[in-house]
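A.B. asks: Got a structure here, written out as structure tokens. Questions coming.
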Amino acid sequence: MKAGASKKPIENEDQDSFLQRLGPGLITGASDDDPSGIGTYSQAGAQLGFGIGWTMLITYPLMAAIQEISGRIGRVTGHGIAGNVCRNFPAPVIWSLIVLLFLANTINVAADLGAMGDALKLLIGGPATLYVVVFGAVSVIAQIFLKYERYVSILKWLTLVLFAYVIALFLAKVPWGEALKGLLVPKIEWSGPFLTTLVAILGTTISPYLFIWQSSQEAEEQRIDPDKKPLKQEPQKEEEEVKRIRIDTLVGMAVSNVIALAIILTTAATLHASGKTDIESSAQAAEALRPVAGALAELIFALGIIGTGLLAIPVLAGSTAYAIGEGRKWPVGLSRKPKEAVAFYSVLALGIGLNFTALDPIKALYWSAVINGVLAAPIMIVMMLLVRRKSVMGDLVVSGPVYWLGWVATAAMFLCIVGMACSMMWSGSRLETTA
């Protein structure tokens with residue numbers, strides 16, 4: 001009896017310990033499947049079918065490595081990526097990256113808000129523009145007025161909405177043999193549409209705002225905890241903290257890729273199989289599911305767009321604000337009250353406000369992912385240089401398999417961008433010759 005009584009608390013303690021390890025990595029991975037990402041994966045599945053599923057297996061170790069490196073930069077140094085770049089590189093480097101990040105995130109936030117408005121209109125009718133304003137306001141108010149611990153807790157619970165897409169998958173009639181073949185046997189085409197889609201997928205799964213967010217959140221959790229110092233000041237905690245970051249990141253990226261794969265398989269089994277390949281947005285994908293997979297699948301898809309948007313918008317806007325604030329060496333942090341960090345929250349509000357423009361949300365959903373893919377490569381190079389500098393990381397420089405996987409991810413991103421550019425030039429020259 002005594003043995004049984006002592007076993008339960010130990011099990012509960014282990015479970016609590018595991019859940020406590022999940023934070024920045026889980027939220028980062030879940031926010032990766034934002035409405036823009038859902039639109040990209042829906043397009044990929046509708047246009048290319050099961051043959052694009054293999055990308056989810058390839059991207060998992062690459063994104064897990066680069067995100068672990070991001071988290072370690074923040075935890076070891078006490079600063080996010082932008083804060084480290086401004087301290088170790090000339091000013092033009094940090095500002096060129098910030099401008100590009102601001103551009104990509106502005107387009108991404110605009111696209112996500114537009115998709116959320118369209119999804120709610122699909123469910124209840126009414127003006128999509130009004131819903132965009134409401135969603136934007138809710139995102140700003142939540143970041144400003146909720147306490148940091150409560151805010152992070154809400155973001156964690158919002159990750160559960162992603163499993164709506166697993167439900168949608170099982171509502172579709174999937175030929176699992178064909179799906180498994182697409183997952184395990186890479187199918188590559190030398191064409192502009194295929195390579196552009198490949199860059200869009202990489203740009204969605206390996207996105208600059210994810211690097212910024214995870215590194216800054218690791219730094220912030222260290223700042224708000226009086227018992228924590230930057231890891232390079234207490235290297236004796238390296239093993240424990242790196243293990244926590246690794247578990248958090250592996251789980252977060254696994255959630256991200258499983259959901260992305262579910263979306264690809266769902267749209268491949270329904271839309272691609274029925275010849276519906278001209279999907280241009282996540283809301284359009286939800287609407288298109290009704291005649292082939294039923295009203296319930298449409299409902300689940302639309303609710304998922306809204307839920308993931310509520311999770312991703314704060315991360316997108318917050319990463320922009322973190323980057324600009326750290327680049328200017330302003331006080332930053334979700335744990336600060338507005339009066340203590342006016343510049344931080346002013347940038348955040350401006351970043352969301354700028355999204356109410358004439359930008360076409362349908363085109364933006366797809367091209368924001370492509371822009372993120374193009375932007376990711378230079379940021380990844382800067383990160384890989386930072387983690388090998390002792391002046392930055394102290395004795396805790398990153399090495400081993402994670403370091404080399406980081407370079408593989410960087411090289412893969414560059415090669416896809418070059419391939420896309422060459423294919424577009426080749427297609428353009430063919431059109432001119434034909435004309």
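The chains in the structure tokens are called A, B, ... from first to last as shown; in each chain the residues are counted from 1, and the ligands are counted from 1 in the order shown.
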Would you mind listing what lies within 9 Å of Pro186 (chain A) as a PDB file with C-alpha atoms, in the first residue's frame, with only C-alpha atoms counted and same-chain residues fewer than 4 positions away left out?

C.D. replies:
```
ATOM      1  CA  GLY A  51       3.296  14.045 -53.728  1.00  0.00           C
ATOM      2  CA  ILE A  52       4.266  17.051 -51.578  1.00  0.00           C
ATOM      3  CA  GLY A  53       3.781  15.279 -48.221  1.00  0.00           C
ATOM      4  CA  TRP A  54       7.459  14.274 -47.966  1.00  0.00           C
ATOM      5  CA  THR A  55       8.419  17.892 -47.249  1.00  0.00           C
ATOM      6  CA  LYS A 181       3.927   6.850 -50.670  1.00  0.00           C
ATOM      7  CA  GLY A 182       3.795  10.641 -50.963  1.00  0.00           C
TER       8      GLY A 182
END
```

A.B. asks: Find the residues around region 312-320 of chain A up to 8 Å (only C-alpha atoms counted), leave out those fewer than 4 positions away in its own chain, and share them as a PyMOL selection string.

C.D. replies: chain A and resi 28+30-34+98+101-102+105+108-109+112-113+139-140+143+209-210+212-213+216+308+324+348+351-352

A.B. asks: Sorted by chain and rising residue number, list the residues of region 207-322 of chain A at most 8 Å from region 160-164 of chain A (counting only C-alpha atoms), each with its closest atom pair and distance in Å to one decimal, as a Markdown table.

C.D. replies:
```
| residue | atom | partner | partner_atom | distance |
| --- | --- | --- | --- | --- |
| A:Ile259 | CA | A:Leu162 | CA | 6.6 |
| A:Ile300 | CA | A:Ala164 | CA | 5.9 |
| A:Phe301 | CA | A:Ala164 | CA | 7.1 |
| A:Gly304 | CA | A:Val161 | CA | 6.1 |
| A:Gly307 | CA | A:Val161 | CA | 6.0 |
| A:Thr308 | CA | A:Leu162 | CA | 6.9 |
```

A.B. asks: Nearest to Ser274 (chain A) among A:Pro24, A:Pro230, A:Gly45, A:Gly400, with distances taken over only C-alpha atoms: which residue is it?

C.D. replies: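 Closest candidate: A:Gly45.
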
A.B. asks: Smallest atom-to-atom distance to Gly177 (chain A): which of A:Tyr41, A:Asp278, A:Ala269, A:Met384, using only C-alpha atoms?

C.D. replies: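 Between A:Tyr41, A:Asp278, A:Ala269, A:Met384, the residue approaching Gly177 (chain A) most closely is A:Ala269.
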
A.B. asks: Which residues come within 12 Å of Leu396 (chain A), counting only C-alpha atoms, excluding same-chain residues fewer than 3 positions away, as a PyMOL selection string?

C.D. replies: chain A and resi 69+72-73+75-77+230-239+241-242+386-393+399

A.B. asks: What's around Ile38 (chain A) at 12 Å? Count only C-alpha atoms, leave out sequence neighbours fewer than 5 positions away in its own chain, and write the answer as a PyMOL selection string.

C.D. replies: chain A and resi 30-33+43-46+111-112+115-116+162+165+200-201+204-205+256-257+259-264+266-267+279-286+301-302+304-309+312+365-366+369

A.B. asks: Pull C-alpha atoms from the residues just selected and write them as a compact mmCIF listing (two decimals), in the first residue's frame.

C.D. replies:
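Full text of again20.txt as output:
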```txt
# COMPACT_ATOMS: atom_id res chain seq x y z
CA ALA A 30 1.82 26.01 -32.95
CA SER A 31 1.85 29.60 -34.22
CA ASP A 32 3.72 28.33 -37.28
CA ASP A 33 0.39 26.90 -38.48
CA GLN A 43 -2.71 25.20 -51.83
CA ALA A 44 0.09 22.64 -51.79
CA GLY A 45 -2.28 19.74 -51.15
CA ALA A 46 -4.88 20.94 -53.66
CA ALA A 111 -3.13 38.14 -44.58
CA ASP A 112 -3.95 36.35 -41.32
CA ALA A 115 -8.35 35.14 -43.50
CA MET A 116 -9.83 35.22 -39.99
CA LEU A 162 -4.81 22.88 -34.10
CA TYR A 165 -7.30 19.62 -38.56
CA ALA A 200 6.49 28.80 -49.63
CA ILE A 201 6.37 25.60 -47.53
CA THR A 204 6.07 28.81 -43.63
CA THR A 205 7.78 26.09 -41.58
CA SER A 256 3.47 22.05 -36.16
CA ASN A 257 4.41 19.44 -38.77
CA ILE A 259 -0.95 19.55 -38.27
CA ALA A 260 0.60 20.79 -41.52
CA LEU A 261 0.66 17.22 -42.83
CA ALA A 262 -2.98 16.74 -41.80
CA ILE A 263 -3.96 19.83 -43.82
CA ILE A 264 -1.99 18.68 -46.88
CA THR A 266 -7.01 16.49 -46.22
CA THR A 267 -6.90 18.85 -49.18
CA ILE A 279 -7.36 27.24 -54.04
CA GLU A 280 -5.97 30.67 -53.15
CA SER A 281 -6.67 31.06 -49.44
CA SER A 282 -7.42 29.12 -46.27
CA ALA A 283 -11.02 30.42 -46.13
CA GLN A 284 -11.55 29.35 -49.74
CA ALA A 285 -10.18 25.92 -48.85
CA ALA A 286 -12.69 25.66 -45.97
CA PHE A 301 -11.51 24.17 -41.04
CA ALA A 302 -13.03 27.64 -40.57
CA GLY A 304 -9.29 26.33 -36.98
CA ILE A 305 -8.41 29.40 -39.06
CA ILE A 306 -9.85 31.73 -36.41
CA GLY A 307 -8.23 29.88 -33.50
CA THR A 308 -4.80 29.66 -35.07
CA GLY A 309 -5.01 33.32 -36.05
CA ALA A 312 -0.32 33.55 -34.38
CA LEU A 365 -1.50 34.58 -47.90
CA TYR A 366 0.74 32.80 -50.36
CA ALA A 369 5.28 32.68 -47.06
```

A.B. asks: Rounded to one decimal, what separation in Å do you get between CA of Cys86 (chain A) and CA of Met383 (chain A)?

C.D. replies: 12.3 Å

A.B. asks: Please report, as a PyMOL selection string, each residue of region 85-254 of chain A to which DSSP assigns alpha helix (DSSP H) when run on this structure's backbone.

C.D. replies: chain A and resi 85-88+91-124+128-145+148-158+164-171+176-184+192-205+208-224+238-254

A.B. asks: Find the spatial neighbours of Ala64 (chain A), counting only C-alpha atoms, within a cut-off of 12 Å - ignore same-chain residues fewer than 5 positions away - and output them as a PyMOL selection string.

C.D. replies: chain A and resi 25-26+28-29+56-59+69-71+205-207+210-211+214+245-257+401-403+405-406+408-409
